[in-house]
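First up is the structure itself, then whatever we jot down about it.
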Amino acid sequence: MHDAGFDPPTAIEALLFDLDGTLVHTDPLHLVAMRDLLKSEGVAIDEETFVTRVSGQPNETVGRFLFPERTAAEHRDFIARKEARFRELSGQLTPLAGVVAFIDRARADGLRIALVTNAPRSNVAHMLGTLGIADRFEIVIYGDEMERAKPDPLPYRLALEAFGLRPNQAIAFEDSLPGLAAAKGAGLFCVGVATSRSPDELRAAGADLAVADFEDAQILAFHDVRDWDRAIA
């Protein structure tokens, strides 16, 4: 169900993708990397806390949650070390099922493709290079380099601005609740990808459609961009 005031798409021109959890399921590696660093701090974190309080959140928010008594500089140092550990662990990554074919089909249909992520630039370069898909994205929006990252809608608004499009001309793909909040806050139709959250949780958070991956029957039903236009109008 669309939010009140949602402007239905009339002609889809672009697809806007999150990275972690949407193109590749990285939460398990991020959790291992964080646990490695936290162990030396004498701090433990369980999977539920990671999913609900860390996954998809801006790094500064994560730092304040983990170490509320520390300075912003100390938070940045910890997160930088954690991200470096993540890159060490993620020498081999596998794209989420069907996503590369889906993006390639969308590009063949003439859609413009953007990456809208909170991940730091070093992680993005590493992951896209490892996945072999760096050339698929016309623009990349790094939320952590913006004045405000997701869950603020600013990163998605900037992606739309870069393409010269209105919200009803694009579709967002997100796996986390902060990402969904950002996409919906920007007025976008949003497909929730159920890697870390259940389809019911994603729909409850505002996802217009929830899928397991990009081989989900709901995704495969869309043979070209005209099908998306008809389905979500």
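The chains in the structure tokens are called A, B, ... from first to last as shown; in each chain the residues are counted from 1, and the ligands are counted from 1 in the order shown.
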Which residues of region 174-207 of chain A come within 12 Å of region 19-26 of chain A, and what is each one's closest atom pair and distance in Å (one decimal), counting only C-alpha atoms, sorted by chain and residue number, as a tab-separated table?
```
residue	atom	partner	partner_atom	distance
A:Glu174	CA	A:Thr22	CA	5.8
A:Asp175	CA	A:Thr22	CA	5.5
A:Ser176	CA	A:Gly21	CA	7.6
A:Leu177	CA	A:Gly21	CA	11.4
A:Gly179	CA	A:Thr22	CA	10.2
A:Leu180	CA	A:Thr22	CA	11.5
A:Val191	CA	A:Thr22	CA	10.0
A:Gly192	CA	A:Thr22	CA	8.5
A:Val193	CA	A:Thr22	CA	6.1
A:Ala194	CA	A:Gly21	CA	8.4
A:Thr195	CA	A:Gly21	CA	6.0
A:Ser196	CA	A:Gly21	CA	7.2
A:Arg197	CA	A:Gly21	CA	9.8
```
- Please provide as an MDAnalysis selection string all residues within 9 Å of Asp46 (chain A), with the sequence filter that same-chain residues fewer than 3 positions apart are discarded (counting only C-alpha atoms). chainID A and resid 31 35 49:51
- Task: Looking only at helix (DSSP H, G or I) from DSSP on the backbone, list the matching residues of chain A as an NGL selection string.
- Result: :A and (27-39 or 47-53 or 59-66 or 72-89 or 99-108 or 121-131 or 134-136 or 143-145 or 154-163 or 167-169 or 177-185 or 199-204 or 217-220 or 225-232)
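With only C-alpha atoms as the basis for measurement, A:Lys184 is the residue among A:Arg136, A:Arg53, A:Lys184, A:Arg70 that approaches Pro155 (chain A) most closely.
Among A:Thr117, A:Thr94, A:Asn59, A:Asn123, the residue with the shortest atom-to-atom distance to Ala183 (chain A), counting only C-alpha atoms, is A:Thr117.
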Would you tabulate, counting only C-alpha atoms, all residues of region 73-126 of chain A that have an atom at most 10 Å from an atom of region 203-227 of chain A, showing the closest pair of atoms and their distance in Å to one decimal, sorted by chain then ascending number, as a tab-separated table?
```
residue	atom	partner	partner_atom	distance
A:Leu96	CA	A:Asp213	CA	6.5
A:Ala97	CA	A:Phe214	CA	5.8
A:Gly98	CA	A:Phe214	CA	4.5
A:Val99	CA	A:Phe214	CA	5.2
A:Val100	CA	A:Phe214	CA	8.7
A:Ala101	CA	A:Phe214	CA	8.6
A:Phe102	CA	A:Phe214	CA	6.8
A:Ile103	CA	A:Phe214	CA	9.6
A:Arg105	CA	A:Asp224	CA	7.7
A:Ala106	CA	A:Val225	CA	7.1
A:Arg107	CA	A:Val225	CA	9.9
A:Ala108	CA	A:Asp224	CA	9.2
A:Asp109	CA	A:Val225	CA	6.5
A:Gly110	CA	A:Val225	CA	8.5
A:Leu111	CA	A:Val225	CA	7.8
```
- Message: Neighbouring residues of Glu138 (chain A) were defined as those with any atom within 12 Å, considering only C-alpha atoms; residues of the same chain fewer than 4 positions away were excluded. Please report them as a list in words.
- Response: Ala14, Leu15, Leu16, Phe17, Ile103, Arg107, Leu111, Arg112, Ile113, Ala114, Leu115, Val116, Ile133, Ala134, Ala159, Ala162 and Phe163 of chain A
- Message: I'd like to know which residues of region 101-179 of chain A are strand (DSSP E or B) (by DSSP, run on the backbone); could you write them as a VMD selection string?
- Response: chain A and resid 112 to 117 139 to 142 170 to 174
- Can you tell me, as a PyMOL selection string, what residues are no more than 8 Å from region 87-93 of chain A when counting only C-alpha atoms, ignoring any on the same chain fewer than 6 positions away? chain A and resi 24+29+33+123+126-127+130-131
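Straight-line separation from CA of Glu147 (chain A) to CA of Ala80 (chain A): 18.6 Å.
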